[in-house]
Every structure is written in C-alpha cells, then in structure tokens.
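For reference, the structure is listed below as structure tokens.
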Amino acid sequence: MKQKIVYENGLAFLPGAKAVATSYKKTEDAAIEKVVIPKDYSSYPWSPWGDDNLFPQNVLKDLEQNSIALRALEKRKTVHYGRGILAYRDKGKDNLGAPVREIVTDPDVVEFLRINRLNFQWIDLIGSLEIFANGWVEFILNKGKDKINKVFVKDPAYCRNAKMDSDHPSRIPYLYFSAQWDLSPNEADGSLVKIPMFDPANYDGNRYQDPQFAYPVFYRSFNKSYYHLSVWNGIRQSGWLGIANKVPQLKQAIMKNQMTIKYHIEIPDDYFMNRYPSPDYTREQRESARTKVLSEMNDFLSDVENTGKAFLTFTFFNKFKSEYLAGWKINVIDNKLKDDAYLPDSQAANSEILFAIGVDPCLVGSGLPGGNLGAGSGSDKREAFWQLNAEMGIYRQISLEPLYFIRDFNKWSPDIEFDYVTVDTSQTMQDHPTKIDKRIDKNIA
C-alpha cells in the first residue's frame with residue numbers, strides 16, 4: 001500500500017522512508033549575528049539612564065544654565081531641519097547637472113504627512129538626537145494592523161529602555177515611559193506605561209501582531225548598549241560646562257557682596273581739636289564742623305565734574321620739635337579684583353562648548369564681553385552655515401530613517417524619497433551653489 005506523504009508547517013513527512021523533508025531558500029543567511037547582553041545589576045525591569053536614572057534631567061538642568069550651549073544646540077537643530085521635510089521622487093539631473101526632484105502628490109502620502117503634522121513633530125525628534133543622541137517614535141497601527149496610522153515623537157527625558165531579552169539578546173522588548181522617574185514610577189498607579197518595542201519577528205510582511213510599538217532612533221556611540229552618548233557631552237565630563245555656568249554666579253555674588261572703596265582718607269586724631277579749639281568752639285560746634293568737612297570731602301572726590309581738580313592741605317608746625325605734623329592723606333585703594341575678572345575663563349569655557357557642539361562661534365555671535373565680539377562678517381557667517389549644513393549628511397540620514405520605515409511598512413511606492421529643504425543664504429542666484437534658479441528650497445522641480 002502506498003503511504004501518503006503528509007505536509008504540515010512547511011515540513012514533509014515521508015512515512016515509507018522514515019524521513020522528514022524541509023526546503024530552504026538559497027538567499028537565506030547561513031548563520032545569525034553573534035551578540036552579547038551587558039550586565040545590569042539594577043532591580044528594575046528597565047535599564048537606568050545614568051547612575052541615578054536621571055541622566056537626561058541632569059543634562060537639561062546643566063543646559064538651562066548656559067545660554068551659549070542652548071543657543072548652539074538650537075543652531076544645530078535649525079540647520080539640520082532647514083525648512084522642513086520634503087517627500088519627492090528623484091528624476092535625475094537637468095542639463096546643468098542640478099538634481100531634479102518631483103514633489104510627491106500621492107494622496108495617501110500627503111494625507112499621512114498632514115494628519116500627523118510630521119514637519120512639526122520632527123523638530124522634536126531632531127532636538128532629541130542633537131541633545132541626547134537618543135530618540136523614540138511611537139507608531140499606532142490601523143485596526144487591520146497592516147498600516148501605520150499615527151506617529152508620535154516621544155519626549156526623550158521620559159523614556160527608558162527595558163533590559164535586553166535573554167532569549168533574544170539582540171533586541172530591547174519594551175520602552176518604559178514616565179514623567180516621574182525621580183519618584184520610582186510604577187504601572188499600578190498609572191505613572192508608568194510600557195510600550196512594546198518594534199520586533200521584526202512580529203511582522204510577517206503584511207500584518208504586525210501588536211496595535212502599536214515604539215521605534216528607536218539614535219546617533220550611534222560605541223561601548224553603549226542601551227543609551228548612546230552625544231559627542232558634545234565631553235564638556236560636561238571635563239567640567240568646562242560647569243565652569244561656564246559658575247562664572248555668572250561668581251560675578252553676581254561679587255557684585256552683591258563686594259564693598260567698592262576707592263579712597264582711604266587718613267585724618268589726624270587731633271585735627272579737629274586743634275582746628276576748632278575750646279573754649280572758642282563747643283563740642284557740638286566741633287562735631288558739626290567735622291560733619292561739614294567730611295561731607296565736602298565726599299563731594300570733592302566724587303562725580304565727574306571734579307575730575308582733575310587740585311587738592312590742597314595745610315600742616316601744623318611744632319615749634320618745640322621743630323617739625324611739621326602729619327596732615328590729611330588721601331590714599332587710592334587698588335582694586336585687586338578687576339572689572340573683567342573671570343571673563344577670560346568664561347570665554348575659554350564658551351569656546352570649548354562651541355568646539356564640542358560643532359558650531360562656529362560666528363553663527364552665535366560669540367566673543368569676549370566688553371571686547372571684540374568677533375561675530376564675523378556676513379560672508380563668514382554664510383560660509384560657516386554652509387560648512388555646518390554640509391556636515392549634516394549622516395545626521396539627516398539617521399533622523400529620516402523612520403520615514404523610510406513608514407514608507408515600506410505602509411507599502412508606499414519605493415521610489416519615494418525624503419530629504420530636508422535646505423535654507424538658502426546666498427545673496428544672488430549666481431552665489432547659490434547650484435548657480436541656477438531651480439532650487440529645492442523654493443520647491444521648484
């Protein structure tokens with residue numbers, strides 16, 4: 001009797017041959033990536049961000065005290081973003097070699113960008129990356145779980161990654177979200193929510209198992225498993241940011257507590273007794289004369305009208321000792337603490353801050369207060385802007401990656417691409433890098 005071959009779950013059972021047959025695709029990988037899980041000694045289900053799990057809060061606290069660092073990071077964000085996101089199709093180049101980009105008008109794409117206010121939300125994602133090098137986006141699927149309907153950029157200071165799954169060490173299973181990390185939040189009282197992290201194993205190419213998931217975006221830094229570190233964070237570790245933050249406090253304390261004395265007037269103890277002797281003058285008259293003389297001296301040494309005046313004094317001659325007695329002396333007190341005290345330290349710290357963040361000082365008008373600001377000419381600023389803009393390539397690739405993920409997940413046309421519209425700072429058409437009037441920042445194809 002011929003035995004029937006049974007097919008089940010991709011396997012073929014051959015009863016006669018007592019064998020199991022499987023099939024495989026030649027394109028499948030022969031092995032999987034080898035990964036390791038970092039040791040985490042905390043008792044919480046999430047990995048702490050910093051020793052006290054308040055790293056982003058501490059960073060923001062430091063930044064809020066430093067206008068230079070805040071302004072420089074804001075400059076990076078604005079240059080990174082330009083005039084916003086543009087969905088386009090690459091149509092090659094024209095006869096002058098300039099790229100030709102056709103703006104996407106597909107209704108589903110345009111409606112998705114409009115409903116989710118993507119240009120507005122992506123400002124926060126760029127800020128997350130520029131400040132913390134970490135960002136998270138939450139995707140909400142439709143009821144069929146085959147398309148992404150809503151997009152929400154999460155506040156990075158409220159996000160913590162779950163510890164890596166020991167069964168699947170290459171992935172982080174959840175994103176924990178809370179505004180109360182300083183109070184040990186928990187899910188029971190609603191102060192903590194847990195969002196599944198995107199898992200390729202839950203997606204068969206058509207439908208996803210969960211109705212929502214978080215998607216991480218980051219500027220990669222080495223030797224970091226859960227949270228990446230911004231390049232500029234070195235100024236916090238080295239102390240330069242702390243120095244810059246302390247200088248204004250020191251200046252304020254000095255101005256508040258310092259007694260500024262310019263002159264020391266030495267008056268002989270017996271001057272008024274000899275000048276207004278008894279019984280010609282009563283005690284009250286002598287004290288009144290003392291007050292009047294001191295008041296006149298105060299007026300004499302103050303106000304701009306008295307600059308350059310001569311000061312005359314008289315001395316008494318002691319006939320018995322045949323010598324002149326000491327008279328009034330006006331000693332100028334040297335101000336050991338100059339008006340520009342600590343400003344060189346502040347300037348050095350500000351320079352270190354701008355070097356670390358990667359922003360040319362002329363773009364933020366940096367310089368020594370009271371001296372040459374060194375803000376640069378218009379051409380200096382323009383060249384510095386284009387240099388910073390040219391360095392944004394890899395960062396823009398990272399921040400735009402979630403949009404390509406959305407494109408592929410929602411089955412949009414694969415020829416759709418995304419980019420940021422660059423702000424044009426050229427004075428004339430001839431000054432523009434393309435030398436032509438067809439410019440992406442004017443949305444002209």
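Chain labels A, B, ... are given in the sequence in which chains occur in the structure tokens; within each chain residues are numbered consecutively from 1, and ligands are likewise numbered from 1 in the order shown.
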Checklist entry - DSSP says helix (DSSP H, G or I) for which residues of region 181-337 of chain A? Put them as a VMD selection string? => result chain A and resid 181 to 183 200 to 202 231 to 238 240 to 257 271 to 275 283 to 301 304 to 306
Atoms kept (C-alpha atoms) for selection, written as a PDB file, in the first residue's frame:
```pdb
ATOM      1  CA  TRP A 181      11.441  58.930  37.157  1.00  0.00           C
ATOM      2  CA  ASP A 182      12.589  60.747  40.286  1.00  0.00           C
ATOM      3  CA  LEU A 183       9.696  59.158  42.222  1.00  0.00           C
ATOM      4  CA  PRO A 200      10.765  42.121  13.209  1.00  0.00           C
ATOM      5  CA  ALA A 201       9.654  38.672  14.380  1.00  0.00           C
ATOM      6  CA  ASN A 202       6.145  40.047  14.952  1.00  0.00           C
ATOM      7  CA  VAL A 231      29.649  63.866  21.179  1.00  0.00           C
ATOM      8  CA  TRP A 232      29.348  67.197  22.974  1.00  0.00           C
ATOM      9  CA  ASN A 233      28.772  65.551  26.379  1.00  0.00           C
ATOM     10  CA  GLY A 234      32.538  65.663  26.917  1.00  0.00           C
ATOM     11  CA  ILE A 235      32.231  69.281  28.084  1.00  0.00           C
ATOM     12  CA  ARG A 236      30.086  68.062  30.983  1.00  0.00           C
ATOM     13  CA  GLN A 237      32.561  65.350  31.929  1.00  0.00           C
ATOM     14  CA  SER A 238      35.604  67.635  31.614  1.00  0.00           C
ATOM     15  CA  TRP A 240      34.008  73.167  31.042  1.00  0.00           C
ATOM     16  CA  LEU A 241      30.236  73.456  31.075  1.00  0.00           C
ATOM     17  CA  GLY A 242      30.321  73.695  34.872  1.00  0.00           C
ATOM     18  CA  ILE A 243      32.958  76.457  34.703  1.00  0.00           C
ATOM     19  CA  ALA A 244      30.865  78.428  32.226  1.00  0.00           C
ATOM     20  CA  ASN A 245      27.823  78.055  34.479  1.00  0.00           C
ATOM     21  CA  LYS A 246      29.689  79.170  37.621  1.00  0.00           C
ATOM     22  CA  VAL A 247      31.197  82.387  36.224  1.00  0.00           C
ATOM     23  CA  PRO A 248      27.889  84.341  36.140  1.00  0.00           C
ATOM     24  CA  GLN A 249      27.115  83.158  39.686  1.00  0.00           C
ATOM     25  CA  LEU A 250      30.541  84.329  40.883  1.00  0.00           C
ATOM     26  CA  LYS A 251      30.137  87.703  39.204  1.00  0.00           C
ATOM     27  CA  GLN A 252      26.687  88.104  40.698  1.00  0.00           C
ATOM     28  CA  ALA A 253      27.928  87.217  44.188  1.00  0.00           C
ATOM     29  CA  ILE A 254      30.814  89.690  43.883  1.00  0.00           C
ATOM     30  CA  MET A 255      28.544  92.496  42.741  1.00  0.00           C
ATOM     31  CA  LYS A 256      26.086  91.757  45.522  1.00  0.00           C
ATOM     32  CA  ASN A 257      28.533  91.402  48.412  1.00  0.00           C
ATOM     33  CA  TYR A 271      42.982 117.740  63.739  1.00  0.00           C
ATOM     34  CA  PHE A 272      39.501 118.947  64.701  1.00  0.00           C
ATOM     35  CA  MET A 273      40.587 119.679  68.286  1.00  0.00           C
ATOM     36  CA  ASN A 274      43.388 121.934  67.029  1.00  0.00           C
ATOM     37  CA  ARG A 275      41.298 123.433  64.244  1.00  0.00           C
ATOM     38  CA  ARG A 283      31.655 120.179  71.447  1.00  0.00           C
ATOM     39  CA  GLU A 284      28.504 120.412  69.354  1.00  0.00           C
ATOM     40  CA  GLN A 285      30.060 123.031  67.073  1.00  0.00           C
ATOM     41  CA  ARG A 286      33.158 120.906  66.648  1.00  0.00           C
ATOM     42  CA  GLU A 287      31.112 117.839  65.681  1.00  0.00           C
ATOM     43  CA  SER A 288      29.061 119.929  63.261  1.00  0.00           C
ATOM     44  CA  ALA A 289      32.258 121.199  61.665  1.00  0.00           C
ATOM     45  CA  ARG A 290      33.572 117.634  61.409  1.00  0.00           C
ATOM     46  CA  THR A 291      30.409 116.528  59.564  1.00  0.00           C
ATOM     47  CA  LYS A 292      30.565 119.509  57.215  1.00  0.00           C
ATOM     48  CA  VAL A 293      34.216 118.951  56.330  1.00  0.00           C
ATOM     49  CA  LEU A 294      33.708 115.237  55.654  1.00  0.00           C
ATOM     50  CA  SER A 295      30.664 115.976  53.511  1.00  0.00           C
ATOM     51  CA  GLU A 296      32.674 118.494  51.487  1.00  0.00           C
ATOM     52  CA  MET A 297      35.430 115.913  51.063  1.00  0.00           C
ATOM     53  CA  ASN A 298      32.937 113.314  49.837  1.00  0.00           C
ATOM     54  CA  ASP A 299      31.581 115.768  47.260  1.00  0.00           C
ATOM     55  CA  PHE A 300      35.112 116.673  46.219  1.00  0.00           C
ATOM     56  CA  LEU A 301      36.150 113.077  45.500  1.00  0.00           C
ATOM     57  CA  VAL A 304      32.715 113.568  37.042  1.00  0.00           C
ATOM     58  CA  GLU A 305      32.740 117.372  37.425  1.00  0.00           C
ATOM     59  CA  ASN A 306      35.545 117.081  39.980  1.00  0.00           C
TER      60      ASN A 306
END
```
Next on the checklist: Residues near region 107-124 of chain A, anyone? I mean within 7 Å using only C-alpha atoms, not counting same-chain ones fewer than 2 positions away, as a PyMOL selection string.
Outcome noted: chain A and resi 81+84-85+105+126-128+150-151+153
Checklist entry - Which residue out of A:Arg76, A:Ala214, A:Lys321, A:Phe418 has the minimum interatomic distance to Glu391 (chain A) when only C-alpha atoms are used? => result A:Arg76
Item to check | Those of region 149-276 of chain A in DSSP strand (DSSP E), formatted as a PyMOL selection string | outcome: chain A and resi 149-153+159-161+174-177+193-196+212-218+263-266
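The residue that comes closest to Ser399 (chain A), out of A:Ala188, A:Leu129, A:Ala179, A:Ile330 and on the basis of only C-alpha atoms, is A:Leu129.
Nearest to Val421 (chain A) of all the residues A:Lys93, A:Lys61, A:Arg83, A:Lys34 is A:Arg83, based on only C-alpha atoms.
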Next on the checklist: Need to verify the contact set: region 36-48 of chain A, 6 Å, only C-alpha atoms, exclusion of same-chain residues closer than 2 positions in sequence. Can you return it as a PyMOL selection string?
Outcome noted: chain A and resi 50+53+161-163+169
Checklist outcome for this item: Counting only C-alpha atoms, closest pick from A:Tyr88, A:Phe152, A:Tyr208, A:Phe55 relative to Pro414 (chain A) is A:Tyr88
Checklist entry - Using only C-alpha atoms, which of A:Ser230, A:Phe409, A:Glu352, A:Glu130 sits nearest Asp204 (chain A)? => result A:Phe409
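If you measure from each of A:Glu28, A:Gly365, A:Pro216, A:Leu54 to Ser351 (chain A) using only C-alpha atoms, the closest one turns out to be A:Gly365.
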